[in-house]
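As provided, final19.pdb (PDB, C-alpha atoms) reads as follows.
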```pdb
ATOM      1  CA  MET A   1       0.000   0.000   0.000
ATOM      2  CA  LYS A   2       1.203   3.486  -0.807
ATOM      3  CA  PHE A   3       0.628   5.997   1.971
ATOM      4  CA  PRO A   4      -0.440   9.480   0.856
ATOM      5  CA  GLY A   5       2.211  12.179   0.994
ATOM      6  CA  ILE A   6       2.048  15.452   2.894
ATOM      7  CA  PRO A   7       1.573  18.770   1.048
ATOM      8  CA  GLU A   8       4.537  21.134   1.212
ATOM      9  CA  ASN A   9       2.331  23.819   2.774
ATOM     10  CA  GLU A  10       0.747  21.436   5.279
ATOM     11  CA  GLU A  11       0.948  23.686   8.356
ATOM     12  CA  GLU A  12      -0.546  26.647   6.501
ATOM     13  CA  ARG A  13      -3.197  24.364   5.000
ATOM     14  CA  LEU A  14      -4.175  23.072   8.439
ATOM     15  CA  LYS A  15      -4.238  26.596   9.834
ATOM     16  CA  SER A  16      -6.742  27.608   7.135
ATOM     17  CA  LEU A  17      -8.803  24.471   7.719
ATOM     18  CA  TYR A  18      -9.018  25.067  11.470
ATOM     19  CA  LEU A  19      -9.972  28.703  11.003
ATOM     20  CA  ALA A  20     -12.747  27.668   8.602
ATOM     21  CA  ASP A  21     -14.316  25.722  11.508
ATOM     22  CA  LEU A  22     -15.750  22.971   9.329
ATOM     23  CA  LEU A  23     -14.361  20.027  11.281
ATOM     24  CA  ASP A  24     -16.497  18.116  13.801
ATOM     25  CA  THR A  25     -19.711  19.803  12.752
ATOM     26  CA  GLY A  26     -23.167  18.287  12.710
ATOM     27  CA  ALA A  27     -25.110  17.387   9.598
ATOM     28  CA  ASP A  28     -25.493  20.306   7.188
ATOM     29  CA  GLU A  29     -28.244  20.031   4.590
ATOM     30  CA  ARG A  30     -26.395  22.170   2.038
ATOM     31  CA  PHE A  31     -23.637  19.536   1.828
ATOM     32  CA  ASP A  32     -25.869  16.491   2.348
ATOM     33  CA  ARG A  33     -27.961  17.672  -0.594
ATOM     34  CA  LEU A  34     -24.903  17.740  -2.850
ATOM     35  CA  THR A  35     -23.886  14.196  -1.923
ATOM     36  CA  ARG A  36     -27.401  12.946  -2.663
ATOM     37  CA  ILE A  37     -27.326  14.638  -6.062
ATOM     38  CA  ALA A  38     -23.893  13.186  -6.853
ATOM     39  CA  LYS A  39     -25.034   9.720  -5.824
ATOM     40  CA  LYS A  40     -27.943   9.923  -8.262
ATOM     41  CA  ILE A  41     -25.904  11.426 -11.118
ATOM     42  CA  PHE A  42     -23.081   8.883 -10.948
ATOM     43  CA  GLN A  43     -25.104   5.897  -9.733
ATOM     44  CA  VAL A  44     -22.658   5.007  -6.961
ATOM     45  CA  PRO A  45     -23.495   3.764  -3.453
ATOM     46  CA  VAL A  46     -21.177   6.155  -1.568
ATOM     47  CA  VAL A  47     -20.446   9.868  -1.952
ATOM     48  CA  LEU A  48     -18.338  11.815   0.534
ATOM     49  CA  ILE A  49     -17.158  15.346   1.144
ATOM     50  CA  SER A  50     -13.987  14.829   3.148
ATOM     51  CA  LEU A  51     -11.780  17.213   5.095
ATOM     52  CA  LEU A  52      -8.181  16.179   5.768
ATOM     53  CA  ASP A  53      -7.098  16.931   9.338
ATOM     54  CA  ARG A  54      -3.573  16.249  10.573
ATOM     55  CA  ASP A  55      -4.109  12.539  11.284
ATOM     56  CA  ARG A  56      -7.675  11.837  10.229
ATOM     57  CA  GLN A  57     -10.190  12.233   7.465
ATOM     58  CA  TRP A  58     -13.349  13.945   8.697
ATOM     59  CA  LEU A  59     -16.462  13.441   6.565
ATOM     60  CA  LEU A  60     -18.323  16.732   6.331
ATOM     61  CA  ALA A  61     -21.057  14.962   4.399
ATOM     62  CA  CYS A  62     -21.480  11.234   4.001
ATOM     63  CA  GLU A  63     -24.027   9.485   1.782
ATOM     64  CA  GLY A  64     -23.992   5.708   1.988
ATOM     65  CA  LEU A  65     -21.360   5.237   4.690
ATOM     66  CA  GLY A  66     -21.948   4.759   8.403
ATOM     67  CA  THR A  67     -18.933   6.606   9.812
ATOM     68  CA  ARG A  68     -17.779  10.209   9.981
ATOM     69  CA  GLU A  69     -14.058   9.679  10.490
ATOM     70  CA  THR A  70     -11.244   7.454   9.168
ATOM     71  CA  PRO A  71      -7.431   7.534   9.525
ATOM     72  CA  ARG A  72      -5.793   9.877   7.054
ATOM     73  CA  ASN A  73      -2.894   7.550   6.300
ATOM     74  CA  ILE A  74      -5.160   4.992   4.602
ATOM     75  CA  SER A  75      -7.452   7.515   2.912
ATOM     76  CA  PHE A  76      -7.763   7.835  -0.848
ATOM     77  CA  CYS A  77      -8.548  11.533  -0.376
ATOM     78  CA  GLY A  78      -5.097  12.026   1.107
ATOM     79  CA  HIS A  79      -3.789  11.405  -2.412
ATOM     80  CA  VAL A  80      -6.334  13.753  -4.002
ATOM     81  CA  ILE A  81      -5.172  16.862  -2.142
ATOM     82  CA  LEU A  82      -1.672  16.466  -3.569
ATOM     83  CA  GLN A  83      -2.789  17.325  -7.084
ATOM     84  CA  GLU A  84      -5.043  19.576  -9.121
ATOM     85  CA  GLY A  85      -7.891  17.957 -10.975
ATOM     86  CA  PRO A  86      -9.485  14.521 -10.689
ATOM     87  CA  PHE A  87      -7.917  11.479  -9.062
ATOM     88  CA  ILE A  88      -9.349   8.276 -10.517
ATOM     89  CA  VAL A  89      -8.854   4.670  -9.434
ATOM     90  CA  ASN A  90     -10.824   2.413 -11.780
ATOM     91  CA  ASP A  91     -10.129  -0.821  -9.902
ATOM     92  CA  ALA A  92      -8.381  -0.601  -6.553
ATOM     93  CA  VAL A  93      -7.840  -4.368  -6.329
ATOM     94  CA  ASN A  94      -5.566  -4.175  -9.359
ATOM     95  CA  ASP A  95      -3.846  -0.951  -8.359
ATOM     96  CA  GLU A  96      -0.491  -1.433  -6.588
ATOM     97  CA  ARG A  97      -1.091   1.725  -4.529
ATOM     98  CA  PHE A  98      -4.318   0.421  -2.979
ATOM     99  CA  HIS A  99      -4.706  -3.338  -3.489
ATOM    100  CA  ASP A 100      -3.965  -4.096   0.179
ATOM    101  CA  ASN A 101      -5.493  -0.938   1.654
ATOM    102  CA  PRO A 102      -7.770  -1.708   4.646
ATOM    103  CA  LEU A 103     -10.596   0.185   2.915
ATOM    104  CA  VAL A 104     -10.244  -2.113  -0.091
ATOM    105  CA  ILE A 105      -9.862  -5.498   1.609
ATOM    106  CA  GLY A 106     -12.376  -4.485   4.292
ATOM    107  CA  GLU A 107     -15.405  -2.190   4.554
ATOM    108  CA  PRO A 108     -16.424  -0.313   2.495
ATOM    109  CA  TYR A 109     -14.616  -2.615   0.009
ATOM    110  CA  ILE A 110     -13.593   0.139  -2.393
ATOM    111  CA  ARG A 111     -13.042  -0.937  -5.983
ATOM    112  CA  PHE A 112     -13.747   2.298  -7.831
ATOM    113  CA  TYR A 113     -12.813   5.748  -6.502
ATOM    114  CA  ALA A 114     -13.042   9.206  -8.086
ATOM    115  CA  GLY A 115     -12.053  12.318  -6.125
ATOM    116  CA  TYR A 116     -11.751  16.013  -6.882
ATOM    117  CA  PRO A 117      -9.986  18.441  -4.514
ATOM    118  CA  VAL A 118     -12.057  21.160  -2.830
ATOM    119  CA  HIS A 119     -10.489  24.426  -1.706
ATOM    120  CA  LEU A 120     -11.222  26.985   0.969
ATOM    121  CA  PRO A 121     -11.823  30.643   0.041
ATOM    122  CA  ASP A 122      -8.147  31.491   0.699
ATOM    123  CA  GLY A 123      -7.074  28.847  -1.819
ATOM    124  CA  GLY A 124      -5.967  26.214   0.680
ATOM    125  CA  VAL A 125      -7.088  22.686  -0.155
ATOM    126  CA  ALA A 126      -9.469  21.334   2.478
ATOM    127  CA  GLY A 127     -10.204  17.853   1.209
ATOM    128  CA  ALA A 128     -12.151  16.233  -1.595
ATOM    129  CA  LEU A 129     -15.507  15.411  -3.074
ATOM    130  CA  CYS A 130     -15.319  11.699  -3.802
ATOM    131  CA  LEU A 131     -17.313   8.857  -5.300
ATOM    132  CA  ILE A 132     -16.958   5.225  -4.200
ATOM    133  CA  ASN A 133     -18.239   2.004  -5.717
ATOM    134  CA  THR A 134     -17.781  -1.626  -4.726
ATOM    135  CA  LYS A 135     -17.425  -2.516  -8.397
ATOM    136  CA  PRO A 136     -14.779  -1.331 -10.886
ATOM    137  CA  ARG A 137     -15.933   1.118 -13.533
ATOM    138  CA  GLY A 138     -14.728   3.601 -16.097
ATOM    139  CA  PHE A 139     -14.846   7.374 -15.812
ATOM    140  CA  ASN A 140     -14.865   9.494 -18.969
ATOM    141  CA  ASP A 141     -14.248  13.173 -19.694
ATOM    142  CA  ASP A 142     -17.907  14.086 -19.209
ATOM    143  CA  ASP A 143     -17.876  12.368 -15.823
ATOM    144  CA  ASN A 144     -14.765  14.306 -14.858
ATOM    145  CA  ALA A 145     -16.424  17.562 -15.890
ATOM    146  CA  SER A 146     -19.535  16.815 -13.825
ATOM    147  CA  LEU A 147     -17.456  15.856 -10.775
ATOM    148  CA  ARG A 148     -15.470  19.090 -11.149
ATOM    149  CA  ASP A 149     -18.667  21.168 -11.336
ATOM    150  CA  LEU A 150     -19.999  19.616  -8.138
ATOM    151  CA  ALA A 151     -16.665  20.185  -6.402
ATOM    152  CA  PHE A 152     -16.832  23.846  -7.388
ATOM    153  CA  ILE A 153     -20.320  24.061  -5.887
ATOM    154  CA  VAL A 154     -18.886  22.702  -2.622
ATOM    155  CA  GLU A 155     -16.262  25.465  -2.787
ATOM    156  CA  ASP A 156     -18.997  28.044  -3.396
ATOM    157  CA  GLU A 157     -20.725  26.875  -0.213
ATOM    158  CA  PHE A 158     -17.434  27.263   1.656
ATOM    159  CA  LYS A 159     -17.311  30.861   0.370
ATOM    160  CA  VAL A 160     -20.858  31.589   1.528
ATOM    161  CA  ILE A 161     -20.062  30.275   4.998
ATOM    162  CA  GLY A 162     -16.789  32.192   5.049
ATOM    163  CA  MET A 163     -18.393  35.486   4.000
ATOM    164  CA  ALA A 164     -20.900  35.284   6.837
ATOM    165  CA  MET A 165     -18.118  34.693   9.361
ATOM    166  CA  THR A 166     -15.366  36.947   7.978
ATOM    167  CA  ASP A 167     -14.653  40.635   8.427
ATOM    168  CA  SER A 168     -14.693  42.075   4.909
ATOM    169  CA  LEU A 169     -11.982  44.662   5.622
ATOM    170  CA  THR A 170      -9.353  42.605   7.412
ATOM    171  CA  GLY A 171     -10.039  39.047   6.242
ATOM    172  CA  ILE A 172     -10.050  37.571   9.752
ATOM    173  CA  SER A 173     -13.158  36.429  11.634
ATOM    174  CA  ASN A 174     -15.805  39.017  12.348
ATOM    175  CA  ARG A 175     -17.615  39.200  15.676
ATOM    176  CA  ARG A 176     -20.125  36.535  14.649
ATOM    177  CA  GLY A 177     -17.415  34.251  13.304
ATOM    178  CA  PHE A 178     -15.214  34.613  16.366
ATOM    179  CA  TYR A 179     -18.042  33.892  18.791
ATOM    180  CA  THR A 180     -19.413  30.990  16.713
ATOM    181  CA  THR A 181     -16.057  29.272  16.374
ATOM    182  CA  GLY A 182     -14.723  30.428  19.717
ATOM    183  CA  GLU A 183     -17.634  29.188  21.831
ATOM    184  CA  LYS A 184     -17.305  25.771  20.224
ATOM    185  CA  ARG A 185     -13.550  25.743  20.815
ATOM    186  CA  PHE A 186     -14.114  26.989  24.394
ATOM    187  CA  ARG A 187     -16.517  24.138  25.200
ATOM    188  CA  ASN A 188     -14.227  21.484  23.749
ATOM    189  CA  LEU A 189     -11.164  22.758  25.582
ATOM    190  CA  ASP A 190     -13.073  23.184  28.839
ATOM    191  CA  GLU A 191     -14.440  19.639  28.647
ATOM    192  CA  GLU A 192     -10.903  18.346  28.075
ATOM    193  CA  ASN A 193      -9.590  20.403  31.033
ATOM    194  CA  ALA A 194      -7.086  21.892  28.583
ATOM    195  CA  ALA A 195      -5.288  25.095  29.536
ATOM    196  CA  PHE A 196      -5.966  27.932  27.096
ATOM    197  CA  SER A 197      -5.916  31.724  27.029
ATOM    198  CA  VAL A 198      -8.033  34.589  25.735
ATOM    199  CA  ILE A 199      -6.462  37.934  24.833
ATOM    200  CA  PHE A 200      -8.520  41.091  24.223
ATOM    201  CA  PHE A 201      -6.847  43.881  22.190
ATOM    202  CA  ASP A 202      -7.681  47.536  21.657
ATOM    203  CA  LEU A 203      -5.600  49.826  19.450
ATOM    204  CA  ASP A 204      -4.185  52.902  21.216
ATOM    205  CA  LYS A 205      -4.840  56.366  19.778
ATOM    206  CA  PHE A 206      -6.611  54.966  16.760
ATOM    207  CA  LYS A 207      -9.074  57.869  16.424
ATOM    208  CA  PRO A 208      -6.317  60.459  15.842
ATOM    209  CA  ILE A 209      -5.014  58.365  12.937
ATOM    210  CA  ASN A 210      -8.438  58.549  11.290
ATOM    211  CA  ASP A 211      -8.794  62.252  12.104
ATOM    212  CA  LEU A 212      -5.325  63.348  10.965
ATOM    213  CA  TRP A 213      -4.594  61.014   8.033
ATOM    214  CA  GLY A 214      -8.039  59.854   6.938
ATOM    215  CA  HIS A 215     -10.137  56.726   7.207
ATOM    216  CA  ALA A 216      -8.258  54.976   4.411
ATOM    217  CA  GLU A 217      -5.133  55.156   6.552
ATOM    218  CA  GLY A 218      -7.115  53.950   9.554
ATOM    219  CA  ASP A 219      -8.356  51.001   7.519
ATOM    220  CA  GLU A 220      -4.769  50.198   6.591
ATOM    221  CA  VAL A 221      -3.837  50.080  10.287
ATOM    222  CA  LEU A 222      -6.682  47.644  10.968
ATOM    223  CA  LYS A 223      -5.567  45.426   8.073
ATOM    224  CA  VAL A 224      -1.919  45.466   9.141
ATOM    225  CA  PHE A 225      -2.711  44.635  12.764
ATOM    226  CA  SER A 226      -5.076  41.835  11.711
ATOM    227  CA  ALA A 227      -2.422  40.358   9.436
ATOM    228  CA  LEU A 228       0.113  40.383  12.265
ATOM    229  CA  LEU A 229      -2.348  38.656  14.602
ATOM    230  CA  TYR A 230      -3.000  36.007  11.974
ATOM    231  CA  GLN A 231       0.713  35.547  11.313
ATOM    232  CA  HIS A 232       1.363  34.410  14.878
ATOM    233  CA  LEU A 233      -1.622  32.093  15.325
ATOM    234  CA  GLY A 234      -0.848  28.469  16.009
ATOM    235  CA  PRO A 235      -2.940  25.504  14.798
ATOM    236  CA  GLY A 236      -6.355  25.714  16.424
ATOM    237  CA  ASP A 237      -5.933  29.340  17.544
ATOM    238  CA  ILE A 238      -8.482  31.873  16.325
ATOM    239  CA  ALA A 239      -8.440  35.651  15.959
ATOM    240  CA  GLY A 240     -11.306  38.022  15.293
ATOM    241  CA  ARG A 241     -12.141  41.674  14.852
ATOM    242  CA  LEU A 242     -14.970  42.258  17.309
ATOM    243  CA  GLY A 243     -15.729  45.731  16.003
ATOM    244  CA  GLY A 244     -14.008  49.066  15.437
ATOM    245  CA  ASP A 245     -10.455  48.741  16.704
ATOM    246  CA  GLU A 246     -11.171  45.857  19.089
ATOM    247  CA  PHE A 247      -9.763  42.379  18.488
ATOM    248  CA  ALA A 248      -9.622  39.081  20.349
ATOM    249  CA  VAL A 249      -7.498  35.948  20.137
ATOM    250  CA  LEU A 250      -8.114  32.521  21.628
ATOM    251  CA  VAL A 251      -4.808  30.702  22.123
ATOM    252  CA  THR A 252      -5.623  27.011  22.474
ATOM    253  CA  HIS A 253      -2.389  26.150  24.294
ATOM    254  CA  GLN A 254      -1.878  28.398  27.313
ATOM    255  CA  ALA A 255       1.870  27.737  27.263
ATOM    256  CA  GLN A 256       2.016  29.481  23.866
ATOM    257  CA  ALA A 257       0.216  32.669  24.953
ATOM    258  CA  ASP A 258       3.314  34.549  26.103
ATOM    259  CA  SER A 259       5.261  33.613  22.974
ATOM    260  CA  PHE A 260       2.299  34.750  20.866
ATOM    261  CA  LEU A 261       2.391  38.147  22.559
ATOM    262  CA  GLN A 262       6.169  38.389  22.245
ATOM    263  CA  GLY A 263       6.029  37.531  18.558
ATOM    264  CA  LEU A 264       3.247  40.055  17.970
ATOM    265  CA  ARG A 265       5.122  42.808  19.798
ATOM    266  CA  SER A 266       8.267  42.110  17.800
ATOM    267  CA  SER A 267       6.344  42.211  14.509
ATOM    268  CA  VAL A 268       4.545  45.426  15.417
ATOM    269  CA  ASN A 269       7.834  47.048  16.423
ATOM    270  CA  ASP A 270       9.406  45.950  13.130
ATOM    271  CA  TYR A 271       6.486  47.407  11.204
ATOM    272  CA  ASN A 272       6.635  50.711  13.075
ATOM    273  CA  ARG A 273      10.362  50.972  12.457
ATOM    274  CA  GLU A 274      10.212  50.136   8.750
ATOM    275  CA  SER A 275       6.851  51.488   7.550
ATOM    276  CA  GLY A 276       7.860  55.145   7.203
ATOM    277  CA  LYS A 277       4.433  56.144   8.521
ATOM    278  CA  PRO A 278       4.054  59.362  10.561
ATOM    279  CA  TYR A 279       2.515  57.343  13.390
ATOM    280  CA  ASN A 280       3.084  54.068  15.239
ATOM    281  CA  ILE A 281       0.658  51.208  15.734
ATOM    282  CA  ASN A 282       0.255  50.638  19.456
ATOM    283  CA  TYR A 283      -2.192  48.570  21.431
ATOM    284  CA  SER A 284      -3.325  47.556  24.903
ATOM    285  CA  TYR A 285      -4.380  44.055  25.837
ATOM    286  CA  GLY A 286      -5.899  42.012  28.609
ATOM    287  CA  MET A 287      -5.091  38.322  28.920
ATOM    288  CA  LEU A 288      -6.889  35.661  30.951
ATOM    289  CA  HIS A 289      -5.992  32.019  31.410
ATOM    290  CA  SER A 290      -8.595  29.295  31.711
ATOM    291  CA  GLY A 291      -9.350  27.406  34.878
ATOM    292  CA  THR A 292     -11.565  24.357  35.261
ATOM    293  CA  GLY A 293     -15.102  25.662  35.654
ATOM    294  CA  ARG A 294     -13.875  29.207  36.222
ATOM    295  CA  TYR A 295     -15.732  30.668  33.251
ATOM    296  CA  ALA A 296     -19.151  29.595  32.012
ATOM    297  CA  SER A 297     -18.632  30.772  28.445
ATOM    298  CA  LEU A 298     -16.254  32.459  26.060
ATOM    299  CA  GLY A 299     -18.392  35.578  26.281
ATOM    300  CA  GLU A 300     -17.848  35.760  30.031
ATOM    301  CA  MET A 301     -14.110  35.283  29.592
ATOM    302  CA  LEU A 302     -13.967  37.985  26.912
ATOM    303  CA  LYS A 303     -15.887  40.427  29.096
ATOM    304  CA  GLU A 304     -13.396  40.025  31.925
ATOM    305  CA  SER A 305     -10.377  40.210  29.583
ATOM    306  CA  ASP A 306     -11.865  43.418  28.160
ATOM    307  CA  GLU A 307     -11.908  44.877  31.673
ATOM    308  CA  VAL A 308      -8.281  43.818  32.210
ATOM    309  CA  MET A 309      -7.355  45.492  28.924
ATOM    310  CA  TYR A 310      -9.006  48.801  29.823
ATOM    311  CA  SER A 311      -7.252  48.808  33.181
ATOM    312  CA  ALA A 312      -3.953  48.513  31.293
ATOM    313  CA  LYS A 313      -5.025  51.293  28.904
ATOM    314  CA  ARG A 314      -5.911  53.641  31.793
ATOM    315  CA  ARG A 315      -2.532  53.047  33.386
ATOM    316  CA  LYS A 316      -0.840  54.198  30.175
ATOM    317  CA  LYS A 317      -2.655  57.532  30.415
ATOM    318  CA  ILE A 318      -1.455  58.219  33.951
TER
END
```

Will you turn the file into structure tokens for me?
Amino acid sequence: MKFPGIPENEEERLKSLYLADLLDTGADERFDRLTRIAKKIFQVPVVLISLLDRDRQWLLACEGLGTRETPRNISFCGHVILQEGPFIVNDAVNDERFHDNPLVIGEPYIRFYAGYPVHLPDGGVAGALCLINTKPRGFNDDDNASLRDLAFIVEDEFKVIGMAMTDSLTGISNRRGFYTTGEKRFRNLDEENAAFSVIFFDLDKFKPINDLWGHAEGDEVLKVFSALLYQHLGPGDIAGRLGGDEFAVLVTHQAQADSFLQGLRSSVNDYNRESGKPYNINYSYGMLHSGTGRYASLGEMLKESDEVMYSAKRRKKI
């Protein structure tokens, strides 16, 4: 059996996938509908929309299969994300890459497989739309074109979801996106008794930048600061613009919170030194660490970190 390789941009790909917040979700009719349509068009028993996590394949939609997760290292879709265009296996039993694959010699007894990569709005490949049959079959150019069209529809749905959750100016999560993803991440981490941190940011003296140099320059500051936040996120971390010049970050590993702040400060200092702008980007922040049962929700934790941040901001004015 040939194990699938790892994309060269794997860490960046995973970062995009985690920020999209599509993993470990419940049934979604928009994707289930597409798998039902594909099953009817291609007359196959199984159609999947898969997402490739670090060590597993998560099935965002699953028509004809009774599981939502399989190991990535035996997945066919792990091969799909390494290329552009369709990946076709006409008869897995007679294919040296898959003839002894557990998914071929055991359930679901794959003989025929056709997959097409699906991408996130930022261009990162998330996984694949794939067709499975227990019998070998051919797949012609018209079939490839139809599979591609359905894969593009999946990508369009990713865009719709992303637009609703993304701040149009900065490209990071908006308030709705941060709370939607963050509350889910908060509950999971809290249930696992994992140590994590929440950091609330507010830009210092942002109004004078708008007043003196115009709103276009103010928008540029918001975009630069957002990009620097995003740059230092680790896998599973999320950042959002909550409104105006207020931002928040959930750092999923508490031990990384200080290094996140140090990296951000270094990047902001570098920008201020090299930008040639007549002003500096400065900010205040409030950071809180989790404690078992200490906070009932992400919203409660954000409210308290906001208060910590404003205390720090007031001290700067003294």

**OP:** Taking the file above as input, evaluate the PyMOL selection byres ((chain A and resi 28-44) around 10) and report the hits as a ChimeraX atom specification.
**Re:** /A:25-27,45-49,60-64,112-113,129-135,139,143,146-147,150-151,153-154,157-158

**OP:** Work out how far atom CA of Arg241 of chain A is from atom CA of Gln256 of chain A, in Å to one decimal.
**Re:**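 Distance reported for this atom pair: 20.7 Å.
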
Subject >> Result set of the PyMOL selection byres ((chain A and resi 297-313) around 8) on the coordinates above, as a ChimeraX atom specification >> reply: /A:179,182-183,186-187,198-202,204,248,284-288,295-296,314-317

**OP:** Could you tell me which residues the PyMOL selection byres ((chain A and resi 98) around 10) returns for this structure, as a VMD selection string?
**Re:** chain A and resid 1 to 3 74 to 76 89 91 to 97 99 to 105 110 to 111

**OP:** Can you work out the spacing between atom CA of Asn90 of chain A and atom CA of Asp149 of chain A in Å, to one decimal?
**Re:**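 Computed distance, atom CA of Asn90 of chain A to atom CA of Asp149 of chain A, equals 20.3 Å.
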
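As for atom CA of Leu17 of chain A and atom CA of Asp190 of chain A, they are spaced 21.6 Å apart.
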
Original post:
Of the candidates A:Glu10, A:His289, A:Pro278, A:Gly127, which one gets nearest to Leu212 of chain A if we count all atoms listed in the file?
Top reply: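 Looking only at the distances to Leu212 of chain A, the closest residue turns out to be A:Pro278.
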
Subject >> Test item: residues at most 12 Å from Asp245 of chain A, all atoms listed in the file, excluding those fewer than 4 positions along its chain, as a ChimeraX atom specification >> reply: /A:169-170,174-175,200-207,209-210,218-226,240-241,281-285

Subject >> Contacts of segment 52-54 of chain A at 12 Å (only C-alpha atoms; same-chain gap of 3+ positions) as a PyMOL selection string >> reply: chain A and resi 4-7+10-18+21-24+49+57-60+69-82+117-119+124-129+235-236
